[in-house]
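start-v1.tsv (TSV, C-alpha atoms)
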chain	number	residue	atom	x	y	z
R	1	GLN	CA	0.00	0.00	0.00
R	2	GLN	CA	2.86	2.38	0.79
R	3	GLN	CA	4.47	1.79	-2.60
R	4	THR	CA	1.14	2.37	-4.35
R	5	MET	CA	0.75	5.64	-2.47
R	6	GLU	CA	4.22	6.75	-3.55
R	7	PHE	CA	3.42	6.11	-7.22
R	8	VAL	CA	0.07	7.92	-7.03
R	9	ALA	CA	1.53	10.86	-5.08
R	10	GLY	CA	4.31	11.19	-7.66
R	11	SER	CA	1.74	11.19	-10.45
R	12	ILE	CA	-0.26	14.03	-8.90
R	13	ALA	CA	2.92	15.98	-8.16
R	14	GLY	CA	4.05	15.63	-11.77
R	15	CYS	CA	0.83	17.21	-13.08
R	16	VAL	CA	1.16	20.16	-10.73
R	17	GLY	CA	4.80	20.69	-11.63
R	18	GLN	CA	4.14	20.63	-15.38
R	19	LEU	CA	1.36	23.21	-15.12
R	20	VAL	CA	3.62	25.52	-13.14
R	21	GLY	CA	6.66	25.19	-15.38
R	22	HIS	CA	5.54	24.72	-18.98
R	23	PRO	CA	5.70	28.39	-20.10
R	24	LEU	CA	9.32	28.78	-19.00
R	25	ASP	CA	10.14	25.35	-20.39
R	26	SER	CA	8.90	26.56	-23.78
R	27	ILE	CA	11.24	29.56	-23.61
R	28	LYS	CA	14.16	27.37	-22.55
R	29	THR	CA	13.58	24.99	-25.45
R	30	ARG	CA	13.33	27.83	-27.96
R	31	LEU	CA	16.62	29.30	-26.75
R	32	GLN	CA	18.33	25.92	-26.92
R	33	SER	CA	17.25	25.21	-30.49
R	34	GLU	CA	17.20	28.65	-32.09
R	35	ALA	CA	20.67	28.22	-33.60
R	36	LEU	CA	19.15	25.54	-35.84
R	37	VAL	CA	16.77	28.08	-37.39
R	38	GLN	CA	18.23	30.67	-39.71
R	39	THR	CA	15.63	33.45	-39.69
R	40	SER	CA	15.69	37.19	-39.09
R	41	GLY	CA	13.45	36.71	-36.07
R	42	THR	CA	15.96	34.66	-34.11
R	43	SER	CA	15.84	35.74	-30.48
R	44	THR	CA	18.91	36.90	-28.59
R	45	SER	CA	17.63	36.83	-25.02
R	46	ALA	CA	15.03	35.12	-22.87
R	47	TYR	CA	12.93	38.29	-22.86
R	48	ARG	CA	12.94	38.64	-26.64
R	49	CYS	CA	12.26	34.94	-27.01
R	50	ALA	CA	9.22	35.31	-24.74
R	51	LEU	CA	7.99	38.24	-26.87
R	52	ASN	CA	8.38	36.15	-30.03
R	53	VAL	CA	6.37	33.32	-28.48
R	54	TYR	CA	3.67	35.75	-27.37
R	55	ASN	CA	3.49	37.35	-30.82
R	56	GLU	CA	2.92	33.93	-32.38
R	57	GLY	CA	-0.23	33.20	-30.41
R	58	GLY	CA	-0.67	35.26	-27.28
R	59	SER	CA	-0.53	33.70	-23.83
R	60	LYS	CA	-1.80	30.37	-25.21
R	61	ALA	CA	1.44	29.98	-27.19
R	62	PHE	CA	3.36	29.48	-23.94
R	63	PHE	CA	1.31	26.35	-23.32
R	64	ARG	CA	1.74	24.89	-26.80
R	65	GLY	CA	2.55	21.20	-26.55
R	66	LEU	CA	1.25	20.96	-22.97
R	67	SER	CA	-1.27	18.12	-23.36
R	68	LEU	CA	1.19	15.31	-23.95
R	69	PRO	CA	3.82	16.34	-21.35
R	70	LEU	CA	1.04	16.95	-18.81
R	71	CYS	CA	0.19	13.26	-19.04
R	72	SER	CA	3.80	12.17	-19.44
R	73	LYS	CA	5.05	14.28	-16.55
R	74	SER	CA	2.46	12.68	-14.34
R	75	PHE	CA	3.74	9.27	-15.46
R	76	GLU	CA	7.38	10.40	-15.18
R	77	GLN	CA	7.10	11.57	-11.58
R	78	CYS	CA	5.00	8.52	-10.73
R	79	LEU	CA	7.93	6.40	-11.94
R	80	ALA	CA	10.59	8.68	-10.47
R	81	PHE	CA	9.31	8.63	-6.89
R	82	GLY	CA	8.11	5.04	-7.02
R	83	ILE	CA	11.27	3.58	-8.55
R	84	LYS	CA	13.54	5.75	-6.40
R	85	ASN	CA	11.95	4.38	-3.25
R	86	ALA	CA	11.88	0.81	-4.59
R	87	ALA	CA	15.56	1.05	-5.58
R	88	ASP	CA	16.40	2.53	-2.19
R	89	ASN	CA	14.68	-0.38	-0.44
R	90	PHE	CA	16.53	-2.87	-2.65
R	91	LEU	CA	19.92	-1.26	-1.98
R	92	GLU	CA	19.16	-1.36	1.74
R	93	SER	CA	18.27	-5.06	1.51
R	94	ILE	CA	21.65	-5.92	-0.05
R	95	GLY	CA	23.63	-4.06	2.57
R	96	PHE	CA	24.05	-0.48	1.38
R	97	GLU	CA	24.05	1.90	4.32
R	98	GLU	CA	21.76	4.91	4.34
R	99	GLY	CA	23.49	7.99	3.01
R	100	THR	CA	24.41	10.12	0.03
R	101	PHE	CA	25.75	7.28	-2.12
R	102	ARG	CA	22.64	5.13	-1.74
R	103	THR	CA	20.35	8.07	-2.39
R	104	GLY	CA	22.32	9.02	-5.49
R	105	LEU	CA	22.22	5.48	-6.86
R	106	SER	CA	18.48	5.10	-6.30
R	107	GLY	CA	17.88	8.52	-7.87
R	108	ALA	CA	19.97	7.57	-10.91
R	109	ALA	CA	17.95	4.36	-11.26
R	110	ALA	CA	14.76	6.41	-11.32
R	111	GLY	CA	16.20	8.81	-13.89
R	112	SER	CA	17.46	6.12	-16.25
R	113	THR	CA	14.12	4.30	-16.19
R	114	THR	CA	12.10	7.41	-16.99
R	115	ALA	CA	14.52	8.31	-19.80
R	116	LEU	CA	14.16	4.91	-21.46
R	117	LEU	CA	10.37	5.06	-21.40
R	118	LEU	CA	9.72	8.72	-22.14
R	119	THR	CA	12.23	9.75	-24.82
R	120	PRO	CA	9.52	9.76	-27.56
R	121	ILE	CA	7.37	12.05	-25.39
R	122	TYR	CA	10.27	14.47	-24.92
R	123	LEU	CA	10.82	14.45	-28.70
R	124	VAL	CA	7.21	15.39	-29.45
R	125	LYS	CA	7.15	18.09	-26.74
R	126	VAL	CA	10.26	19.79	-28.10
R	127	GLN	CA	9.03	19.70	-31.69
R	128	LEU	CA	5.74	21.33	-30.72
R	129	GLN	CA	7.51	23.98	-28.65
R	130	VAL	CA	9.86	25.06	-31.46
R	131	THR	CA	7.38	25.07	-34.36
R	132	PRO	CA	4.36	27.31	-34.99
R	133	ARG	CA	0.82	25.95	-34.98
R	134	GLN	CA	0.19	27.34	-38.47
R	135	GLY	CA	2.31	28.26	-41.46
R	136	VAL	CA	5.52	26.82	-42.92
R	137	GLY	CA	6.97	24.03	-40.81
R	138	SER	CA	3.92	23.91	-38.55
R	139	LEU	CA	2.80	20.86	-36.59
R	140	ALA	CA	-0.84	20.71	-35.59
R	141	GLY	CA	-0.33	18.58	-32.49
R	142	PRO	CA	1.29	15.48	-30.96
R	143	VAL	CA	-0.09	13.05	-33.55
R	144	ALA	CA	1.20	15.23	-36.41
R	145	ALA	CA	4.63	15.39	-34.78
R	146	ILE	CA	4.77	11.60	-34.38
R	147	LYS	CA	3.68	11.00	-37.99
R	148	SER	CA	6.18	13.54	-39.29
R	149	THR	CA	9.04	11.94	-37.35
R	150	ILE	CA	8.20	8.41	-38.50
R	151	ASN	CA	7.89	9.58	-42.13
R	152	LYS	CA	11.34	11.20	-41.96
R	153	LEU	CA	13.32	8.77	-39.84
R	154	GLY	CA	11.24	5.65	-39.25
R	155	PHE	CA	10.13	4.39	-35.84
R	156	LEU	CA	13.64	4.62	-34.41
R	157	GLY	CA	13.46	8.35	-35.09
R	158	LEU	CA	11.17	8.61	-32.06
R	159	TYR	CA	14.27	7.90	-29.96
R	160	THR	CA	16.29	10.76	-31.39
R	161	GLY	CA	18.36	12.22	-28.54
R	162	ALA	CA	18.03	9.08	-26.42
R	163	VAL	CA	21.72	8.87	-25.48
R	164	PRO	CA	22.13	12.37	-23.97
R	165	ILE	CA	18.69	12.07	-22.37
R	166	PHE	CA	19.60	8.76	-20.72
R	167	ILE	CA	22.97	9.98	-19.45
R	168	GLY	CA	21.69	13.40	-18.41
R	169	THR	CA	18.54	12.20	-16.65
R	170	SER	CA	20.47	9.55	-14.73
R	171	ILE	CA	22.95	12.17	-13.51
R	172	GLY	CA	20.27	14.78	-12.88
R	173	TYR	CA	17.99	12.57	-10.80
R	174	GLY	CA	20.91	11.39	-8.73
R	175	PHE	CA	21.69	15.02	-7.86
R	176	ARG	CA	18.00	15.77	-7.44
R	177	PHE	CA	17.29	13.39	-4.59
R	178	VAL	CA	20.65	13.87	-2.88
R	179	THR	CA	20.18	17.65	-2.89
R	180	TYR	CA	16.62	17.36	-1.62
R	181	GLU	CA	17.53	15.13	1.32
R	182	LYS	CA	20.57	17.20	2.28
R	183	ALA	CA	18.79	20.55	1.93
R	184	THR	CA	15.70	19.55	3.90
R	185	ASP	CA	17.81	18.03	6.69
R	186	ILE	CA	19.99	21.15	6.99
R	187	LEU	CA	17.03	23.55	6.83
R	188	GLN	CA	15.18	21.72	9.60
R	189	GLU	CA	18.05	20.72	11.87
R	190	SER	CA	20.35	23.74	11.53
R	191	TYR	CA	17.96	26.59	10.76
R	192	GLY	CA	14.73	25.52	12.44
R	193	PHE	CA	12.48	25.48	9.37
R	194	ASP	CA	9.27	23.50	9.69
R	195	ARG	CA	8.70	20.55	7.38
R	196	ILE	CA	6.50	22.41	4.88
R	197	ALA	CA	8.94	25.29	4.41
R	198	ALA	CA	11.92	22.93	4.24
R	199	THR	CA	10.12	20.80	1.64
R	200	ILE	CA	9.32	23.79	-0.57
R	201	ILE	CA	12.80	25.32	-0.40
R	202	GLY	CA	14.58	21.96	-0.54
R	203	GLY	CA	12.47	20.90	-3.51
R	204	GLY	CA	13.29	24.10	-5.36
R	205	MET	CA	17.00	23.69	-4.67
R	206	ALA	CA	16.81	20.04	-5.80
R	207	GLY	CA	15.28	21.13	-9.10
R	208	MET	CA	18.01	23.67	-9.74
R	209	ALA	CA	20.69	21.08	-8.91
R	210	THR	CA	19.05	18.60	-11.27
R	211	TRP	CA	19.33	20.90	-14.27
R	212	ALA	CA	22.66	22.48	-13.40
R	213	SER	CA	24.25	19.02	-13.14
R	214	HIS	CA	23.49	17.99	-16.74
R	215	TYR	CA	22.40	21.09	-18.65
R	216	PRO	CA	24.81	20.72	-21.62
R	217	LEU	CA	23.43	17.22	-22.24
R	218	ASP	CA	19.87	18.57	-22.14
R	219	LEU	CA	20.87	21.30	-24.57
R	220	VAL	CA	22.23	18.75	-27.03
R	221	SER	CA	19.20	16.47	-26.72
R	222	SER	CA	16.86	19.41	-27.38
R	223	ARG	CA	18.83	20.38	-30.48
R	224	MET	CA	18.76	16.80	-31.73
R	225	GLU	CA	14.99	16.61	-31.18
R	226	ALA	CA	14.29	20.02	-32.72
R	227	SER	CA	16.36	19.20	-35.79
R	228	VAL	CA	13.87	16.45	-36.66
R	229	ALA	CA	11.14	19.08	-37.03
R	230	PHE	CA	13.37	21.51	-38.96
R	231	GLY	CA	14.69	18.87	-41.34
R	232	GLY	CA	18.18	18.72	-42.78
R	233	LYS	CA	21.06	16.50	-41.75
R	234	GLN	CA	20.67	14.72	-38.44
R	235	LEU	CA	23.84	15.21	-36.39
R	236	THR	CA	25.11	12.84	-33.73
R	237	MET	CA	25.50	13.86	-30.08
R	238	THR	CA	29.25	14.38	-30.58
R	239	GLU	CA	28.69	16.46	-33.71
R	240	HIS	CA	26.24	18.69	-31.85
R	241	PHE	CA	28.77	19.24	-29.07
R	242	LYS	CA	31.38	20.23	-31.65
R	243	ASP	CA	28.94	22.48	-33.50
R	244	ILE	CA	27.91	24.32	-30.32
R	245	TYR	CA	31.53	24.84	-29.31
R	246	MET	CA	32.49	26.13	-32.78
R	247	GLN	CA	29.55	28.55	-32.81
R	248	SER	CA	29.65	29.92	-29.26
R	249	GLY	CA	32.52	28.41	-27.28
R	250	CYS	CA	31.95	27.05	-23.79
R	251	ARG	CA	29.24	29.64	-23.11
R	252	GLY	CA	27.12	28.05	-25.80
R	253	PHE	CA	26.59	24.95	-23.68
R	254	PHE	CA	24.68	27.02	-21.12
R	255	ARG	CA	22.39	28.96	-23.46
R	256	GLY	CA	18.92	29.09	-21.92
R	257	LEU	CA	20.18	28.09	-18.48
R	258	GLY	CA	18.68	31.19	-16.82
R	259	PRO	CA	15.04	30.44	-17.73
R	260	CYS	CA	15.71	26.78	-16.99
R	261	LEU	CA	16.85	27.44	-13.40
R	262	LEU	CA	14.14	30.07	-12.94
R	263	ARG	CA	11.60	27.44	-13.92
R	264	ALA	CA	13.25	24.63	-11.95
R	265	PHE	CA	12.81	26.18	-8.51
R	266	PRO	CA	9.01	26.74	-8.47
R	267	VAL	CA	8.30	23.56	-10.46
R	268	ASN	CA	10.20	21.28	-8.13
R	269	ALA	CA	9.07	23.15	-5.05
R	270	ALA	CA	5.52	22.41	-6.21
R	271	VAL	CA	6.36	18.79	-7.07
R	272	PHE	CA	7.97	17.92	-3.74
R	273	ALA	CA	5.41	19.89	-1.71
R	274	THR	CA	2.54	18.13	-3.50
R	275	TYR	CA	4.21	14.74	-3.10
R	276	ASP	CA	4.75	15.38	0.60
R	277	LEU	CA	1.18	16.59	1.07
R	278	VAL	CA	-0.37	13.58	-0.68
R	279	CYS	CA	2.00	10.85	0.48
R	280	LYS	CA	3.34	11.85	3.87
R	281	SER	CA	0.01	13.26	5.07
R	282	LYS	CA	-1.72	9.99	4.10
R	283	LEU	CA	-4.42	11.68	2.03
R	284	LEU	CA	-4.90	8.50	0.00
R	285	THR	CA	-5.56	6.23	2.97

Mind turning this structure into structure tokens?
Amino acid sequence: QQQTMEFVAGSIAGCVGQLVGHPLDSIKTRLQSEALVQTSGTSTSAYRCALNVYNEGGSKAFFRGLSLPLCSKSFEQCLAFGIKNAADNFLESIGFEEGTFRTGLSGAAAGSTTALLLTPIYLVKVQLQVTPRQGVGSLAGPVAAIKSTINKLGFLGLYTGAVPIFIGTSIGYGFRFVTYEKATDILQESYGFDRIAATIIGGGMAGMATWASHYPLDLVSSRMEASVAFGGKQLTMTEHFKDIYMQSGCRGFFRGLGPCLLRAFPVNAAVFATYDLVCKSKLLT
């Protein structure tokens, strides 16, 4: 029953987090992939990118591509929390002592599992975020994006970007759960925060650590996914790394990091607070 509660609580938390963070995620994705689009309207800052998105369709444009990730994020966080706790219990059963290493391993297990299952969802989300709803290069919705990808690259094309996603998500989720546990412990034990405040702040810090730990890999995966929608030659992960470095140097690997971290704090604060409210408060019993 406890494991079932953890899966359900994670599912609800994922929905809340996606609703909170999708507009900034759209801006982040646009900034990451804009170098692939050679147009006069290419944005040069997060603010200008936001204006461009707004001009394309008003406030609704910030939520373009939300339907599929809203469902997938629910599933992702359901898996993340459920598998993390299951992996943690397994590691304990084979003799791993409680601590940072065990938490990191169980978090990485959760991240790698979600990456394997959800790469096609990430692909569709990115394509919808970087293309207009109407006009040249438009995609009407998730089904259109899936059909377009299969027509161009076959079924394996749905796993474009799988390698950087797998590596990055494994690293990121390891950092996520370690940071959350450390931050909440310090906030409560050293600074006297109550559990709710520590959960909100610790969750936000965990989200920022997640993205900061693997952002260049996320950047490359987004470019690989966006390139499917834009057409042209499909570059490998290594080729994208080289291309980014040749275009912008080391700074290029962190393009869009500001909106990403700005989004990460409230999203993960909401995710962990919702998870704690549903699971720890026994609302499902």

What is the distance, in Å and to one decimal place, between atom CA of R:Phe166 and atom CA of R:Ala13?
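Atom CA of R:Ala13 lies at a distance of 22.1 Å from atom CA of R:Phe166.
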
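Distance check against R:Leu219 using only C-alpha atoms: of R:Ala183, R:Asn268, R:Lys28, R:Gln127, the minimum falls on R:Lys28.
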
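Here atom CA of R:Ser148 is placed at a distance of 22.5 Å from atom CA of R:Gly57.
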
Restricting the calculation to all atoms listed in the file: of R:Ala110, R:Val126, R:Ala212, R:Ile146, which residue gets closest to R:Ser33?
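Nearest candidate to R:Ser33 out of R:Ala110, R:Val126, R:Ala212, R:Ile146: R:Val126.
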
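If you count all atoms listed in the file and ignore residues fewer than 6 places along the chain from R:Ala9, what sits within 6 Å of it is Tyr275, Val278 and Cys279 of chain R.
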
Atom-to-atom span, atom CA of R:Gly204 and atom CA of R:Ser222, Å
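Between atom CA of R:Gly204 and atom CA of R:Ser222 the gap is 22.8 Å.
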
Complete stretch 179-190 of chain R with all heavy atoms (output as an mmCIF file, keeping the file's coordinate frame).
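Once written, rebuild_26.cif looks like this:
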data_model
loop_
_atom_site.group_PDB
_atom_site.id
_atom_site.type_symbol
_atom_site.label_atom_id
_atom_site.label_comp_id
_atom_site.auth_asym_id
_atom_site.auth_seq_id
_atom_site.Cartn_x
_atom_site.Cartn_y
_atom_site.Cartn_z
ATOM 1 N N THR R 179 20.320 16.244 -3.285
ATOM 2 C CA THR R 179 20.180 17.650 -2.890
ATOM 3 C C THR R 179 18.950 17.844 -2.023
ATOM 4 O O THR R 179 18.992 18.563 -1.010
ATOM 5 C CB THR R 179 20.089 18.550 -4.133
ATOM 6 O OG1 THR R 179 21.267 18.382 -4.924
ATOM 7 C CG2 THR R 179 19.956 20.016 -3.736
ATOM 8 N N TYR R 180 17.852 17.207 -2.400
ATOM 9 C CA TYR R 180 16.620 17.360 -1.620
ATOM 10 C C TYR R 180 16.796 16.867 -0.190
ATOM 11 O O TYR R 180 16.424 17.563 0.767
ATOM 12 C CB TYR R 180 15.476 16.599 -2.300
ATOM 13 C CG TYR R 180 14.200 16.634 -1.499
ATOM 14 C CD1 TYR R 180 13.432 17.791 -1.428
ATOM 15 C CD2 TYR R 180 13.767 15.518 -0.781
ATOM 16 C CE1 TYR R 180 12.266 17.840 -0.680
ATOM 17 C CE2 TYR R 180 12.602 15.547 -0.042
ATOM 18 C CZ TYR R 180 11.856 16.709 0.002
ATOM 19 O OH TYR R 180 10.709 16.751 0.765
ATOM 20 N N GLU R 181 17.359 15.690 -0.031
ATOM 21 C CA GLU R 181 17.530 15.130 1.320
ATOM 22 C C GLU R 181 18.486 15.985 2.149
ATOM 23 O O GLU R 181 18.225 16.265 3.329
ATOM 24 C CB GLU R 181 18.030 13.692 1.231
ATOM 25 C CG GLU R 181 16.967 12.721 0.730
ATOM 26 C CD GLU R 181 17.343 11.268 0.965
ATOM 27 O OE1 GLU R 181 18.434 11.004 1.532
ATOM 28 O OE2 GLU R 181 16.538 10.390 0.590
ATOM 29 N N LYS R 182 19.601 16.385 1.548
ATOM 30 C CA LYS R 182 20.570 17.200 2.280
ATOM 31 C C LYS R 182 19.986 18.554 2.645
ATOM 32 O O LYS R 182 20.134 19.032 3.785
ATOM 33 C CB LYS R 182 21.836 17.390 1.426
ATOM 34 C CG LYS R 182 22.653 16.132 1.210
ATOM 35 C CD LYS R 182 23.318 15.672 2.498
ATOM 36 C CE LYS R 182 24.232 14.495 2.255
ATOM 37 N NZ LYS R 182 24.840 13.979 3.515
ATOM 38 N N ALA R 183 19.332 19.198 1.695
ATOM 39 C CA ALA R 183 18.790 20.550 1.930
ATOM 40 C C ALA R 183 17.708 20.536 2.997
ATOM 41 O O ALA R 183 17.710 21.395 3.895
ATOM 42 C CB ALA R 183 18.250 21.120 0.620
ATOM 43 N N THR R 184 16.778 19.570 2.913
ATOM 44 C CA THR R 184 15.700 19.550 3.900
ATOM 45 C C THR R 184 16.234 19.241 5.295
ATOM 46 O O THR R 184 15.756 19.808 6.292
ATOM 47 C CB THR R 184 14.625 18.527 3.504
ATOM 48 O OG1 THR R 184 15.236 17.251 3.227
ATOM 49 C CG2 THR R 184 13.860 18.982 2.273
ATOM 50 N N ASP R 185 17.220 18.348 5.383
ATOM 51 C CA ASP R 185 17.810 18.030 6.690
ATOM 52 C C ASP R 185 18.485 19.262 7.295
ATOM 53 O O ASP R 185 18.296 19.579 8.481
ATOM 54 C CB ASP R 185 18.842 16.904 6.553
ATOM 55 C CG ASP R 185 18.192 15.543 6.351
ATOM 56 O OD1 ASP R 185 16.971 15.433 6.574
ATOM 57 O OD2 ASP R 185 18.904 14.595 5.946
ATOM 58 N N ILE R 186 19.272 19.974 6.488
ATOM 59 C CA ILE R 186 19.990 21.150 6.990
ATOM 60 C C ILE R 186 19.011 22.256 7.383
ATOM 61 O O ILE R 186 19.160 22.898 8.437
ATOM 62 C CB ILE R 186 20.978 21.667 5.925
ATOM 63 C CG1 ILE R 186 22.127 20.663 5.748
ATOM 64 C CG2 ILE R 186 21.532 23.040 6.313
ATOM 65 C CD1 ILE R 186 23.047 20.984 4.592
ATOM 66 N N LEU R 187 18.001 22.484 6.548
ATOM 67 C CA LEU R 187 17.030 23.550 6.830
ATOM 68 C C LEU R 187 16.271 23.286 8.121
ATOM 69 O O LEU R 187 15.993 24.214 8.893
ATOM 70 C CB LEU R 187 16.050 23.690 5.660
ATOM 71 C CG LEU R 187 16.612 24.305 4.376
ATOM 72 C CD1 LEU R 187 15.632 24.139 3.221
ATOM 73 C CD2 LEU R 187 16.917 25.793 4.587
ATOM 74 N N GLN R 188 15.932 22.036 8.387
ATOM 75 C CA GLN R 188 15.180 21.720 9.600
ATOM 76 C C GLN R 188 16.070 21.635 10.832
ATOM 77 O O GLN R 188 15.730 22.186 11.889
ATOM 78 C CB GLN R 188 14.425 20.395 9.399
ATOM 79 C CG GLN R 188 13.292 20.476 8.390
ATOM 80 C CD GLN R 188 12.547 19.164 8.246
ATOM 81 O OE1 GLN R 188 11.592 18.860 8.970
ATOM 82 N NE2 GLN R 188 12.970 18.351 7.282
ATOM 83 N N GLU R 189 17.213 20.970 10.698
ATOM 84 C CA GLU R 189 18.050 20.720 11.870
ATOM 85 C C GLU R 189 18.926 21.915 12.245
ATOM 86 O O GLU R 189 19.144 22.169 13.431
ATOM 87 C CB GLU R 189 18.942 19.496 11.599
ATOM 88 C CG GLU R 189 18.144 18.205 11.445
ATOM 89 C CD GLU R 189 19.017 17.031 11.015
ATOM 90 O OE1 GLU R 189 20.256 17.207 10.979
ATOM 91 O OE2 GLU R 189 18.467 15.951 10.721
ATOM 92 N N SER R 190 19.415 22.645 11.245
ATOM 93 C CA SER R 190 20.350 23.740 11.530
ATOM 94 C C SER R 190 19.682 25.118 11.568
ATOM 95 O O SER R 190 20.176 26.027 12.240
ATOM 96 C CB SER R 190 21.470 23.759 10.477
ATOM 97 O OG SER R 190 22.193 22.543 10.489
#
